[in-house]
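Undergrad: Sharing protein37.txt, compact mmCIF, C-alpha atoms:
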# COMPACT_ATOMS: atom_id res chain seq x y z
CA MET A 1 -68.95 -49.04 6.28
CA ARG A 2 -70.23 -45.79 7.76
CA LEU A 3 -68.61 -43.85 4.94
CA ALA A 4 -70.38 -46.04 2.43
CA ARG A 5 -73.66 -45.22 4.15
CA LEU A 6 -72.80 -41.52 3.93
CA ALA A 7 -72.21 -41.87 0.20
CA LEU A 8 -75.58 -43.59 -0.21
CA ALA A 9 -77.20 -40.83 1.83
CA ALA A 10 -75.67 -38.22 -0.48
CA LEU A 11 -77.18 -40.01 -3.48
CA ALA A 12 -80.52 -40.05 -1.71
CA LEU A 13 -80.31 -36.27 -1.22
CA VAL A 14 -79.71 -35.81 -4.93
CA ALA A 15 -82.76 -37.90 -5.67
CA LEU A 16 -84.84 -35.88 -3.22
CA ALA A 17 -83.73 -32.62 -4.83
CA ALA A 18 -84.62 -33.96 -8.26
CA ASN A 19 -88.13 -34.71 -7.00
CA ALA A 20 -88.35 -31.60 -4.89
CA ASP A 21 -92.00 -30.78 -5.55
CA THR A 22 -93.59 -34.13 -4.78
CA ALA A 23 -97.21 -33.59 -3.73
CA LEU A 24 -98.06 -33.79 -0.03
CA ASP A 25 -101.20 -33.79 2.06
CA PRO A 26 -101.35 -30.36 3.78
CA LYS A 27 -101.85 -32.13 7.12
CA GLN A 28 -98.64 -34.05 6.54
CA SER A 29 -96.83 -30.81 5.68
CA VAL A 30 -97.91 -29.20 8.96
CA ALA A 31 -96.97 -32.36 10.85
CA ASP A 32 -93.50 -32.25 9.29
CA PHE A 33 -93.13 -28.57 10.19
CA ASP A 34 -94.09 -29.33 13.80
CA ALA A 35 -91.69 -32.28 13.93
CA VAL A 36 -88.76 -30.13 12.74
CA TRP A 37 -89.63 -27.33 15.16
CA LYS A 38 -89.85 -29.76 18.10
CA ALA A 39 -86.55 -31.46 17.21
CA ILE A 40 -84.69 -28.15 17.17
CA ASP A 41 -86.51 -26.88 20.25
CA ARG A 42 -85.40 -30.00 22.10
CA ASP A 43 -81.85 -30.56 20.81
CA TYR A 44 -80.37 -27.31 19.39
CA ALA A 45 -77.23 -26.53 21.38
CA TYR A 46 -77.27 -22.73 21.13
CA HIS A 47 -80.75 -21.57 22.10
CA GLY A 48 -79.49 -19.37 24.93
CA ASP A 49 -81.90 -16.46 25.28
CA SER A 50 -83.58 -17.13 21.93
CA ARG A 51 -86.29 -19.57 23.06
CA ALA A 52 -89.01 -16.94 23.19
CA ALA A 53 -88.14 -15.81 19.65
CA TRP A 54 -88.07 -19.46 18.53
CA LYS A 55 -91.62 -19.94 19.80
CA ARG A 56 -92.76 -16.80 17.99
CA ALA A 57 -91.11 -18.07 14.81
CA ARG A 58 -93.27 -21.20 14.97
CA ASP A 59 -96.42 -19.08 15.05
CA THR A 60 -95.16 -16.93 12.14
CA TRP A 61 -94.11 -19.71 9.76
CA ARG A 62 -96.47 -22.57 10.65
CA PRO A 63 -99.43 -21.23 8.59
CA ARG A 64 -97.19 -21.19 5.50
CA ALA A 65 -96.45 -24.88 5.97
CA LYS A 66 -100.06 -25.87 5.26
CA THR A 67 -99.37 -26.70 1.62
CA ALA A 68 -99.43 -29.58 -0.82
CA SER A 69 -96.12 -28.49 -2.35
CA ARG A 70 -92.86 -29.92 -1.06
CA ILE A 71 -90.99 -26.84 -2.31
CA GLU A 72 -93.33 -24.51 -0.42
CA LEU A 73 -92.89 -26.60 2.73
CA ALA A 74 -89.12 -26.34 2.28
CA ALA A 75 -89.50 -22.55 1.93
CA ALA A 76 -91.51 -22.38 5.18
CA LEU A 77 -88.87 -24.46 6.96
CA ASP A 78 -86.07 -22.31 5.54
CA GLY A 79 -87.85 -19.21 6.85
CA LEU A 80 -88.23 -20.86 10.24
CA LEU A 81 -84.56 -21.84 10.40
CA SER A 82 -83.40 -18.39 9.32
CA THR A 83 -84.87 -16.86 12.49
CA LEU A 84 -82.02 -18.50 14.46
CA ARG A 85 -79.46 -16.41 12.50
CA ASP A 86 -77.12 -19.43 12.55
CA GLU A 87 -75.56 -20.51 9.25
CA ASN A 88 -74.95 -23.99 10.68
CA VAL A 89 -78.72 -24.55 10.85
CA ALA A 90 -79.90 -25.33 7.34
CA LEU A 91 -81.81 -27.63 5.05
CA ALA A 92 -79.75 -30.68 4.17
CA GLN A 93 -80.44 -30.38 0.43
CA PRO A 94 -80.96 -27.50 -2.00
CA PHE A 95 -84.39 -26.50 -3.29
CA PRO A 96 -85.22 -24.34 -6.32
CA GLY A 97 -85.88 -20.70 -5.49
CA LEU A 98 -84.47 -20.77 -1.96
CA PRO A 99 -81.58 -18.50 -0.92
CA ARG A 100 -78.00 -19.55 -1.45
CA ALA A 101 -76.40 -21.21 1.56
CA VAL A 102 -73.65 -19.21 3.25
CA PRO A 103 -70.74 -19.75 3.07
CA GLU A 104 -70.56 -22.66 0.61
CA GLU A 105 -72.76 -21.13 -2.11
CA ALA A 106 -71.59 -17.56 -1.57
CA ASP A 107 -68.50 -15.86 -2.93
CA ILE A 108 -68.51 -12.51 -1.11
CA TRP A 109 -67.76 -12.25 2.62
CA ALA A 110 -68.75 -8.90 4.12
CA ARG A 111 -68.95 -7.55 7.64
CA TRP A 112 -70.01 -4.32 9.30
CA ARG A 113 -67.05 -2.20 10.42
CA ASP A 114 -67.64 1.20 12.04
CA GLY A 115 -71.02 1.47 10.31
CA ALA A 116 -69.73 0.47 6.86
CA ALA A 117 -70.49 -2.79 5.01
CA VAL A 118 -66.94 -3.84 4.14
CA ILE A 119 -66.05 -6.73 1.83
CA GLU A 120 -63.39 -8.72 3.67
CA ALA A 121 -62.90 -11.54 1.16
CA VAL A 122 -63.91 -12.49 -2.37
CA ARG A 123 -63.77 -16.09 -3.49
CA ILE A 124 -61.14 -16.56 -6.19
CA PHE A 125 -62.74 -17.15 -9.61
CA GLY A 126 -66.24 -16.67 -8.14
CA ASP A 127 -68.84 -14.46 -9.78
CA GLY A 128 -67.90 -11.50 -7.55
CA ASP A 129 -64.22 -11.87 -8.39
CA VAL A 130 -64.98 -12.01 -12.11
CA ALA A 131 -67.11 -8.86 -11.74
CA GLY A 132 -64.19 -6.99 -10.19
CA LEU A 133 -65.12 -6.87 -6.49
CA ARG A 134 -62.10 -6.73 -4.18
CA PRO A 135 -61.44 -6.97 -0.43
CA GLY A 136 -61.72 -3.51 1.08
CA ASP A 137 -64.60 -2.40 -1.15
CA VAL A 138 -67.47 -0.84 0.82
CA ILE A 139 -70.98 -1.84 -0.23
CA LEU A 140 -73.33 1.14 -0.52
CA SER A 141 -76.40 -0.45 -2.10
CA VAL A 142 -77.67 -3.69 -3.60
CA ASP A 143 -80.10 -3.56 -6.53
CA GLY A 144 -80.75 0.13 -5.82
CA VAL A 145 -81.56 -0.32 -2.12
CA ALA A 146 -79.23 1.24 0.44
CA ILE A 147 -77.44 -1.58 2.22
CA ASP A 148 -78.42 -0.42 5.71
CA ARG A 149 -82.09 -0.38 4.70
CA ALA A 150 -81.78 -3.77 2.98
CA VAL A 151 -80.31 -5.31 6.15
CA ASN A 152 -83.05 -3.86 8.34
CA GLU A 153 -85.69 -5.24 5.98
CA ARG A 154 -84.06 -8.67 5.99
CA LEU A 155 -84.11 -8.75 9.79
CA ARG A 156 -87.83 -7.85 9.74
CA GLY A 157 -87.63 -5.81 12.93
CA SER A 158 -86.07 -8.64 14.98
CA ALA A 159 -82.97 -8.34 17.14
CA THR A 160 -80.40 -6.13 15.45
CA ASN A 161 -77.20 -6.92 17.32
CA ALA A 162 -73.88 -6.99 15.47
CA ALA A 163 -73.99 -10.73 14.76
CA ALA A 164 -77.51 -10.51 13.30
CA ARG A 165 -76.57 -7.56 11.09
CA ASP A 166 -73.51 -9.42 9.77
CA TRP A 167 -75.69 -12.48 9.10
CA ALA A 168 -78.22 -10.41 7.14
CA LEU A 169 -75.49 -8.61 5.18
CA ARG A 170 -73.92 -11.87 4.01
CA ARG A 171 -77.29 -13.33 3.10
CA ILE A 172 -78.04 -10.29 0.94
CA VAL A 173 -74.74 -10.25 -0.95
CA ALA A 174 -74.94 -14.01 -1.56
CA GLY A 175 -77.41 -12.89 -4.22
CA PRO A 176 -79.96 -14.81 -6.27
CA ARG A 177 -79.39 -18.34 -7.54
CA ALA A 178 -79.35 -17.00 -11.08
CA GLY A 179 -79.44 -13.56 -12.67
CA ALA A 180 -77.76 -10.21 -12.11
CA MET A 181 -77.08 -8.48 -8.80
CA ARG A 182 -76.13 -4.79 -8.96
CA LEU A 183 -73.82 -3.53 -6.22
CA GLU A 184 -72.79 0.07 -5.75
CA VAL A 185 -69.44 0.05 -3.98
CA ALA A 186 -66.88 2.61 -2.87
CA SER A 187 -63.11 2.18 -2.88
CA LYS A 188 -60.41 4.77 -2.23
CA GLY A 189 -62.95 7.57 -2.31
CA ARG A 190 -64.52 6.59 -5.64
CA ARG A 191 -67.92 5.01 -6.30
CA ARG A 192 -68.64 2.46 -8.99
CA LEU A 193 -71.46 0.15 -10.04
CA THR A 194 -70.58 -3.54 -10.26
CA VAL A 195 -72.89 -6.10 -11.84
CA VAL A 196 -72.44 -9.63 -10.52
CA GLU A 197 -73.86 -12.24 -12.87
CA ARG A 198 -75.05 -15.22 -10.86
CA ARG A 199 -74.95 -18.58 -12.62
CA GLY A 200 -77.70 -21.00 -11.71
CA THR A 201 -75.72 -24.12 -12.60
CA PRO A 202 -72.72 -24.88 -10.37
CA PRO A 203 -69.41 -25.73 -12.05
CA ALA A 204 -68.28 -29.33 -12.33
CA ALA A 205 -66.85 -30.88 -9.17
CA PRO A 206 -63.09 -30.24 -8.93
CA GLN A 207 -60.39 -32.76 -8.13
CA ALA A 208 -60.75 -33.49 -4.40
CA VAL A 209 -57.02 -33.84 -3.61
CA LEU A 210 -54.09 -32.13 -5.29
CA ALA A 211 -50.45 -32.55 -4.24
CA ARG A 212 -47.13 -31.19 -5.50
CA ARG A 213 -43.67 -30.24 -4.29
CA VAL A 214 -43.00 -26.50 -4.02
CA GLY A 215 -40.35 -24.08 -2.79
CA ASP A 216 -37.01 -23.08 -4.25
CA ALA A 217 -35.57 -26.54 -3.61
CA ARG A 218 -38.86 -28.37 -4.17
CA ASP A 219 -38.54 -29.74 -0.65
CA LEU A 220 -41.87 -28.45 0.69
CA GLY A 221 -45.16 -30.24 0.16
CA TYR A 222 -48.36 -28.51 -0.98
CA LEU A 223 -51.55 -30.54 -0.48
CA ARG A 224 -54.96 -29.06 -1.30
CA LEU A 225 -58.31 -30.53 -0.25
CA LYS A 226 -61.43 -29.34 -2.00
CA GLY A 227 -65.11 -30.02 -1.42
CA PRO A 228 -66.95 -31.73 1.44
CA LEU A 229 -65.18 -34.31 3.61
CA ASP A 230 -67.92 -36.92 3.36
CA ASP A 231 -66.60 -39.38 0.79
CA ALA A 232 -64.55 -42.47 1.65
CA LYS A 233 -62.45 -41.97 -1.49
CA VAL A 234 -60.99 -38.76 -0.04
CA VAL A 235 -59.13 -40.75 2.64
CA ALA A 236 -57.42 -43.02 0.13
CA GLU A 237 -56.54 -40.08 -2.13
CA PHE A 238 -55.20 -38.09 0.82
CA ASP A 239 -53.05 -41.03 1.95
CA ALA A 240 -51.57 -41.44 -1.53
CA ALA A 241 -50.85 -37.71 -1.80
CA LEU A 242 -49.25 -37.48 1.65
CA ASP A 243 -47.12 -40.58 0.97
CA ALA A 244 -45.91 -38.94 -2.25
CA LEU A 245 -44.74 -35.96 -0.15
CA ALA A 246 -42.84 -38.10 2.37
CA GLY A 247 -39.47 -36.62 3.23
CA THR A 248 -40.46 -32.99 2.65
CA ARG A 249 -39.32 -30.61 5.37
CA GLY A 250 -42.72 -28.97 5.74
CA LEU A 251 -46.29 -29.23 4.52
CA LEU A 252 -48.72 -26.58 3.28
CA LEU A 253 -52.21 -28.02 3.76
CA ASP A 254 -54.72 -25.85 1.89
CA LEU A 255 -58.25 -26.03 3.36
CA ARG A 256 -59.66 -22.89 1.73
CA GLU A 257 -62.20 -24.86 -0.30
CA VAL A 258 -63.33 -27.35 2.36
CA THR A 259 -66.90 -26.26 3.04
CA GLY A 260 -68.74 -29.49 3.82
CA ARG A 261 -71.20 -29.87 6.70
CA ALA A 262 -70.79 -33.59 7.38
CA ALA A 263 -72.73 -35.03 10.32
CA SER A 264 -69.80 -37.40 10.91
CA HIS A 265 -66.13 -36.65 11.57
CA GLU A 266 -64.94 -39.96 10.17
CA VAL A 267 -62.91 -38.51 7.28
CA THR A 268 -61.53 -35.74 9.50
CA VAL A 269 -60.39 -38.25 12.12
CA ALA A 270 -58.81 -40.45 9.44
CA ILE A 271 -56.78 -37.49 8.13
CA LEU A 272 -55.74 -36.45 11.65
CA GLY A 273 -54.52 -40.02 12.18
CA ARG A 274 -51.71 -39.38 9.70
CA PHE A 275 -50.24 -36.67 11.96
CA VAL A 276 -50.11 -38.45 15.33
CA LYS A 277 -47.91 -41.20 16.79
CA ALA A 278 -50.18 -41.90 19.76
CA PRO A 279 -53.92 -41.42 20.42
CA SER A 280 -54.44 -37.67 20.80
CA ALA A 281 -57.44 -35.59 21.88
CA TRP A 282 -58.46 -33.16 19.16
CA GLN A 283 -61.80 -31.81 20.38
CA ARG A 284 -64.37 -31.91 23.16
CA ARG A 285 -68.14 -32.02 22.77
CA GLU A 286 -70.57 -30.58 25.30
CA GLY A 287 -74.27 -31.33 25.34
CA GLN A 288 -76.52 -34.22 26.26
CA LYS A 289 -73.66 -36.72 25.85
CA PRO A 290 -70.34 -34.97 26.58
CA ALA A 291 -67.32 -36.65 25.02
CA THR A 292 -63.70 -36.14 24.07
CA ASP A 293 -62.81 -37.08 20.51
CA THR A 294 -59.40 -38.60 19.79
CA ALA A 295 -57.37 -39.31 16.69
CA ALA A 296 -55.53 -42.65 16.58
CA PRO A 297 -52.32 -43.28 14.59
CA ARG A 298 -52.99 -44.52 11.07
CA GLY A 299 -50.04 -45.25 8.83
CA ALA A 300 -46.72 -43.42 8.84
CA ALA A 301 -47.06 -40.14 10.73
CA TYR A 302 -46.05 -36.90 8.98
CA GLU A 303 -43.75 -35.20 11.50
CA ALA A 304 -42.40 -32.11 9.71
CA PRO A 305 -43.93 -28.66 10.43
CA VAL A 306 -47.40 -28.06 9.00
CA ALA A 307 -48.98 -24.77 7.91
CA VAL A 308 -52.75 -24.87 7.36
CA LEU A 309 -54.16 -22.36 4.86
CA VAL A 310 -57.66 -21.10 5.68
CA ASP A 311 -60.09 -18.33 4.73
CA ARG A 312 -63.74 -17.45 5.16
CA TRP A 313 -64.74 -20.47 3.02
CA THR A 314 -63.02 -22.90 5.35
CA ALA A 315 -66.25 -24.04 6.96
CA GLY A 316 -67.77 -26.94 8.86
CA GLU A 317 -65.46 -29.92 8.51
CA GLY A 318 -62.76 -27.63 7.16
CA GLU A 319 -62.81 -25.76 10.46
CA ALA A 320 -62.85 -29.00 12.43
CA LEU A 321 -59.83 -30.31 10.53
CA ALA A 322 -57.88 -27.04 10.86
CA ALA A 323 -58.57 -26.86 14.60
CA GLY A 324 -57.76 -30.56 15.01
CA LEU A 325 -54.42 -30.17 13.25
CA ALA A 326 -53.56 -27.25 15.53
CA ALA A 327 -54.39 -29.45 18.52
CA VAL A 328 -52.64 -32.71 17.60
CA ALA A 329 -49.87 -31.64 15.19
CA LYS A 330 -49.11 -28.13 16.50
CA ALA A 331 -49.91 -26.88 13.00
CA ARG A 332 -49.76 -23.14 12.35
CA ILE A 333 -53.00 -21.75 10.88
CA VAL A 334 -52.42 -19.05 8.25
CA GLY A 335 -55.02 -16.85 6.56
CA THR A 336 -58.19 -14.96 7.44
CA PRO A 337 -60.64 -15.98 10.16
CA MET A 338 -62.68 -19.00 9.11
CA ALA A 339 -66.46 -19.17 8.62
CA GLY A 340 -67.11 -19.62 12.35
CA LEU A 341 -69.83 -22.29 12.06
CA ARG A 342 -70.79 -23.44 15.54
CA GLY A 343 -71.06 -26.90 17.01
CA ASP A 344 -71.30 -30.52 15.91
CA LEU A 345 -74.14 -31.39 13.57
CA ALA A 346 -76.92 -33.94 13.64
CA GLU A 347 -79.53 -34.47 10.95
CA PHE A 348 -83.27 -34.73 11.43
CA ARG A 349 -85.46 -35.93 8.59
CA ALA A 350 -89.14 -34.98 8.46
CA PRO A 351 -91.25 -38.17 8.45
CA HIS A 352 -93.62 -37.45 5.52
CA SER A 353 -91.72 -35.19 3.10
CA GLY A 354 -88.27 -36.60 3.78
CA ILE A 355 -86.86 -33.06 3.99
CA GLY A 356 -83.66 -33.11 6.03
CA VAL A 357 -82.50 -30.43 8.44
CA ARG A 358 -79.01 -30.19 9.92
CA PHE A 359 -78.31 -28.31 13.14
CA PRO A 360 -75.75 -28.42 15.96
CA THR A 361 -76.82 -30.55 18.89
CA GLN A 362 -73.51 -30.32 20.75
CA ARG A 363 -71.06 -27.52 21.36
CA ALA A 364 -67.61 -28.17 19.89
CA LEU A 365 -64.52 -27.05 21.81
CA MET A 366 -60.77 -27.43 21.56
CA PRO A 367 -59.12 -29.65 24.18
CA ASP A 368 -58.23 -26.47 26.13
CA GLY A 369 -61.88 -25.38 26.18
CA THR A 370 -61.75 -22.76 23.40
CA PRO A 371 -64.98 -22.88 21.32
CA ARG A 372 -64.03 -24.29 17.94
CA GLU A 373 -65.73 -21.45 16.07
CA ARG A 374 -63.36 -19.01 17.78
CA VAL A 375 -60.17 -20.71 16.63
CA ALA A 376 -58.21 -17.99 14.82
CA PRO A 377 -55.14 -18.05 12.58
CA SER A 378 -51.80 -17.77 14.36
CA LEU A 379 -50.74 -15.70 11.36
CA THR A 380 -53.59 -13.48 10.15
CA VAL A 381 -53.60 -12.13 6.59
CA ASP A 382 -55.59 -8.97 5.78
CA LEU A 383 -56.69 -9.48 2.18
CA SER A 384 -57.62 -5.82 1.79
CA GLN A 385 -54.00 -4.81 2.32
CA PRO A 386 -51.80 -7.57 0.90
CA GLN A 387 -48.48 -5.75 0.99
CA VAL A 388 -46.70 -8.75 -0.50
CA GLY A 389 -47.77 -11.86 -2.34
CA ALA A 390 -50.57 -10.01 -4.08
CA GLY A 391 -51.44 -13.00 -6.29
CA ASP A 392 -52.14 -15.27 -3.31
CA PRO A 393 -51.09 -13.52 -0.09
CA ILE A 394 -52.18 -16.42 2.14
CA LEU A 395 -50.05 -18.92 0.24
CA TYR A 396 -47.15 -16.44 0.19
CA GLN A 397 -47.24 -15.97 3.97
CA ALA A 398 -47.49 -19.72 4.58
CA LEU A 399 -44.51 -20.38 2.33
CA LYS A 400 -42.57 -17.64 4.08
CA LEU A 401 -43.41 -19.24 7.44
CA LEU A 402 -42.05 -22.64 6.41
CA GLU A 403 -39.08 -21.29 4.46
Please, can you express the file's structure as structure tokens?
TA:
Amino acid sequence: MRLARLALAALALVALAANADTALDPKQSVADFDAVWKAIDRDYAYHGDSRAAWKRARDTWRPRAKTASRIELAAALDGLLSTLRDENVALAQPFPGLPRAVPEEADIWARWRDGAAVIEAVRIFGDGDVAGLRPGDVILSVDGVAIDRAVNERLRGSATNAAARDWALRRIVAGPRAGAMRLEVASKGRRRLTVVERRGTPPAAPQAVLARRVGDARDLGYLRLKGPLDDAKVVAEFDAALDALAGTRGLLLDLREVTGRAASHEVTVAILGRFVKAPSAWQRREGQKPATDTAAPRGAAYEAPVAVLVDRWTAGEGEALAAGLAAVAKARIVGTPMAGLRGDLAEFRAPHSGIGVRFPTQRALMPDGTPRERVAPSLTVDLSQPQVGAGDPILYQALKLLE
């Protein structure tokens, strides 16, 4: 029943996006801005030392919320949320003209290393991949602006620690919703100009679950999940796929395209239930209502070894599922570090505009106390130096692990 409500909520978000610029009374817009600010001020799980900056952000962005345009109110709220430098704090629905969400709408993952803006991963078949960007490329400038200067301008003189600079770098290279982005990059001592053509219309939704037998003897299972884990149909499709792979001597579970930010773990828990024979703790939550989450047996348990494939686009529920499988099924995680989105989400909806905001209200930890965002692969793959398996080095290493 809850999953059905989630599906209805998703339809409601689509309808809200379609009517994004519904007129508002400016007083209602300001009231909505204040309501969002107060909800995050009260319930956000990661304020730490940032409360003073959060109060200053209210004074900076509140005047821009006095508008009759729903889109302009969304822009003011997006600016407010961006001051937290936390990609798991975001508007719940897209709005025209606002920046792409990282990581799900981005296809280039970059990080500062020894003063250089290094591309660590490029999403396969994304715009950056098509343009020829590769892991290991060093970004020198974007649209003619030196990358260091562009990052400083994006941070607007605020705190410039390493995490904030990485956040700004990834926001910049996410690029516009549509149009060209010109990157000057260096690789192996040579400079080149790469033009990334951003497409405004996203591609059609892919098949959510794909399963096949692989390996020399076709006795290994490969099961790929794709898209957000917020649809009841995913559970039934996953069950059918896993049942079709019964008897395999190992499973490759590919979570590299699971980027959803569901406010409920119901699908995740249902999937974990296929890998346990007794109720098993898979995560702890700390906050106003501490709790330990468990996965209960559901159907025939898959007992052979499991390798979970992850990369920088394994985000949100993808990270929760990967970490949960490591906890309850002793799965080996293979790939790059994941997106590192923090905490368990709740959604707040502004009373007048209906604009939704999602943010973590509880800290998420592994049963042993490790913060979930710090869960790392047991077998790390450096995509900038794939010595073997150049076509798909993560899949190659996972196959090698199970073989």
Undergrad: Go through A:Ala398, A:Leu155, A:Ala350, A:Ile139 and flag the residue nearest A:Leu73, using all atoms listed in the file for the distances.
TA: A:Ala350
Undergrad: In Å, how far is it from atom CA of A:Ala45 to atom CA of A:Glu266?
TA: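 Interatomic distance here is 21.4 Å.
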Undergrad: Please tell me which residues are no farther than 8 Å from (-65.3, -11.6, -0.3) in the file, counting only C-alpha atoms, and write them as a list in words.
TA: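 Neighbouring residues, ordered by chain and number, come to Asp107, Ile108, Trp109, Ala110, Ile119, Glu120, Ala121, Val122, Arg123, Gly128, Leu133, Arg134 and Pro135 of chain A.
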Undergrad: Residues near stretch 143-152 of chain A, anyone? I mean within 6 Å using all atoms listed in the file, not counting same-chain ones fewer than 2 positions away, as a list of chain:residue names.
TA: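 So the residues in contact are A:Leu140, A:Ser141, A:Arg154, A:Leu155, A:Ala168, A:Leu169, A:Arg182.
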Undergrad: Calculate how many Å separate atom CA of A:Ala131 from atom CA of A:Glu184, rounding to one decimal.
TA: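 A separation of 12.2 Å between them.
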Undergrad: Select, from A:Leu98, A:Val30, A:Ala263, A:Leu245, the residue with the minimum atom-to-atom distance to A:Phe348, counting all atoms listed in the file.
TA: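 Under the stated criterion, the closest residue is A:Ala263.
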Undergrad: If we draw a sphere of 12 Å around (-64.2, -21.8, 22.0), which residues have at least one atom in it when counting only C-alpha atoms? Please report them as number ranges by chain.
TA: A: 283-286, 323, 340-343, 363-376
Undergrad: Tell me which of A:Ala186, A:Met181, A:Ala35, A:Ala164 sits closest to A:Gly136, counting only C-alpha atoms.
TA: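 Closest to A:Gly136 of all the choices is A:Ala186.
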Undergrad: Could you check the closest approach to A:Arg58 for each of A:Val258, A:Val267, A:Leu77, A:Val196 and tell me which residue wins, using all atoms listed in the file?
TA: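 Residue with the minimum atom-to-atom distance to A:Arg58: A:Leu77.
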Undergrad: Any idea what the distance is between atom CA of A:Val306 and atom CA of A:Leu252?
TA: 6.1 Å
Undergrad: Name all residues at most 6 Å from A:Leu183 (count all atoms listed in the file; drop same-chain ones fewer than 5 positions away) and give them as a VMD selection string.
TA: chain A and resid 141 to 142 193 to 194
Undergrad: Can you tell me, as a PyMOL selection string, what residues are no more than 9 Å from A:Gly318 when counting only C-alpha atoms, ignoring any on the same chain fewer than 3 positions away?
TA: chain A and resi 228-229+255-261+268+310+313-315+321-323+338
Undergrad: Taking all atoms listed in the file into account, name the residue in A:Glu104, A:Ser378, A:Asp59, A:Glu197 that is nearest to A:Ala326.
TA: A:Ser378
Undergrad: From the options A:Leu81, A:Arg100, A:Leu272, A:Arg111, which residue's atoms come nearest to A:Arg199, counting all atoms listed in the file?
TA: A:Arg100
Undergrad: Could you give me, as a ChimeraX atom specification, the residues within 12 Å of A:Pro63, counting all atoms listed in the file and dropping anything in the same chain fewer than 4 positions from it?
TA: /A:26-27,29-31,33-34,57-59,67,72-73,76-77,79-80
Undergrad: With a distance cut-off of 12 Å and all atoms listed in the file, select the neighbouring residues of A:Ile71, excluding the residue or stretch itself and same-chain residues fewer than 3 positions from it, and output the selection as a PyMOL selection string.
TA: chain A and resi 16-24+29+64-68+74-78+91+93-98+353-355
Undergrad: Rebuild stretch 122-137 of chain A so that it carries N, CA and C atoms, then output the result as a PDB file, in the coordinates of the input.
TA:
ATOM      1  N   VAL A 122     -63.188 -12.131  -1.150  1.00  0.00           N
ATOM      2  CA  VAL A 122     -63.910 -12.490  -2.370  1.00  0.00           C
ATOM      3  C   VAL A 122     -63.338 -13.818  -2.851  1.00  0.00           C
ATOM      4  N   ARG A 123     -64.218 -14.754  -3.098  1.00  0.00           N
ATOM      5  CA  ARG A 123     -63.770 -16.090  -3.490  1.00  0.00           C
ATOM      6  C   ARG A 123     -63.099 -16.045  -4.868  1.00  0.00           C
ATOM      7  N   ILE A 124     -61.890 -16.586  -4.942  1.00  0.00           N
ATOM      8  CA  ILE A 124     -61.140 -16.560  -6.190  1.00  0.00           C
ATOM      9  C   ILE A 124     -61.920 -17.287  -7.278  1.00  0.00           C
ATOM     10  N   PHE A 125     -62.041 -16.638  -8.438  1.00  0.00           N
ATOM     11  CA  PHE A 125     -62.740 -17.150  -9.610  1.00  0.00           C
ATOM     12  C   PHE A 125     -64.259 -17.249  -9.432  1.00  0.00           C
ATOM     13  N   GLY A 126     -64.793 -16.728  -8.313  1.00  0.00           N
ATOM     14  CA  GLY A 126     -66.240 -16.670  -8.140  1.00  0.00           C
ATOM     15  C   GLY A 126     -66.837 -15.557  -8.970  1.00  0.00           C
ATOM     16  N   ASP A 127     -68.160 -15.478  -8.978  1.00  0.00           N
ATOM     17  CA  ASP A 127     -68.840 -14.460  -9.780  1.00  0.00           C
ATOM     18  C   ASP A 127     -68.435 -13.048  -9.351  1.00  0.00           C
ATOM     19  N   GLY A 128     -68.289 -12.819  -8.037  1.00  0.00           N
ATOM     20  CA  GLY A 128     -67.900 -11.500  -7.550  1.00  0.00           C
ATOM     21  C   GLY A 128     -66.492 -11.131  -7.978  1.00  0.00           C
ATOM     22  N   ASP A 129     -65.591 -12.104  -7.955  1.00  0.00           N
ATOM     23  CA  ASP A 129     -64.220 -11.870  -8.390  1.00  0.00           C
ATOM     24  C   ASP A 129     -64.174 -11.526  -9.873  1.00  0.00           C
ATOM     25  N   VAL A 130     -64.925 -12.276 -10.674  1.00  0.00           N
ATOM     26  CA  VAL A 130     -64.980 -12.010 -12.110  1.00  0.00           C
ATOM     27  C   VAL A 130     -65.531 -10.615 -12.389  1.00  0.00           C
ATOM     28  N   ALA A 131     -66.504 -10.184 -11.550  1.00  0.00           N
ATOM     29  CA  ALA A 131     -67.110  -8.860 -11.740  1.00  0.00           C
ATOM     30  C   ALA A 131     -66.207  -7.721 -11.296  1.00  0.00           C
ATOM     31  N   GLY A 132     -65.128  -8.023 -10.586  1.00  0.00           N
ATOM     32  CA  GLY A 132     -64.190  -6.990 -10.190  1.00  0.00           C
ATOM     33  C   GLY A 132     -64.279  -6.540  -8.740  1.00  0.00           C
ATOM     34  N   LEU A 133     -65.068  -7.222  -7.910  1.00  0.00           N
ATOM     35  CA  LEU A 133     -65.120  -6.870  -6.490  1.00  0.00           C
ATOM     36  C   LEU A 133     -63.815  -7.271  -5.817  1.00  0.00           C
ATOM     37  N   ARG A 134     -63.369  -6.475  -4.852  1.00  0.00           N
ATOM     38  CA  ARG A 134     -62.100  -6.730  -4.180  1.00  0.00           C
ATOM     39  C   ARG A 134     -62.243  -6.520  -2.672  1.00  0.00           C
ATOM     40  N   PRO A 135     -61.459  -7.240  -1.872  1.00  0.00           N
ATOM     41  CA  PRO A 135     -61.440  -6.970  -0.430  1.00  0.00           C
ATOM     42  C   PRO A 135     -61.135  -5.509  -0.161  1.00  0.00           C
ATOM     43  N   GLY A 136     -61.860  -4.928   0.772  1.00  0.00           N
ATOM     44  CA  GLY A 136     -61.720  -3.510   1.080  1.00  0.00           C
ATOM     45  C   GLY A 136     -62.796  -2.650   0.458  1.00  0.00           C
ATOM     46  N   ASP A 137     -63.479  -3.150  -0.583  1.00  0.00           N
ATOM     47  CA  ASP A 137     -64.600  -2.400  -1.150  1.00  0.00           C
ATOM     48  C   ASP A 137     -65.697  -2.244  -0.099  1.00  0.00           C
TER      49      ASP A 137
END
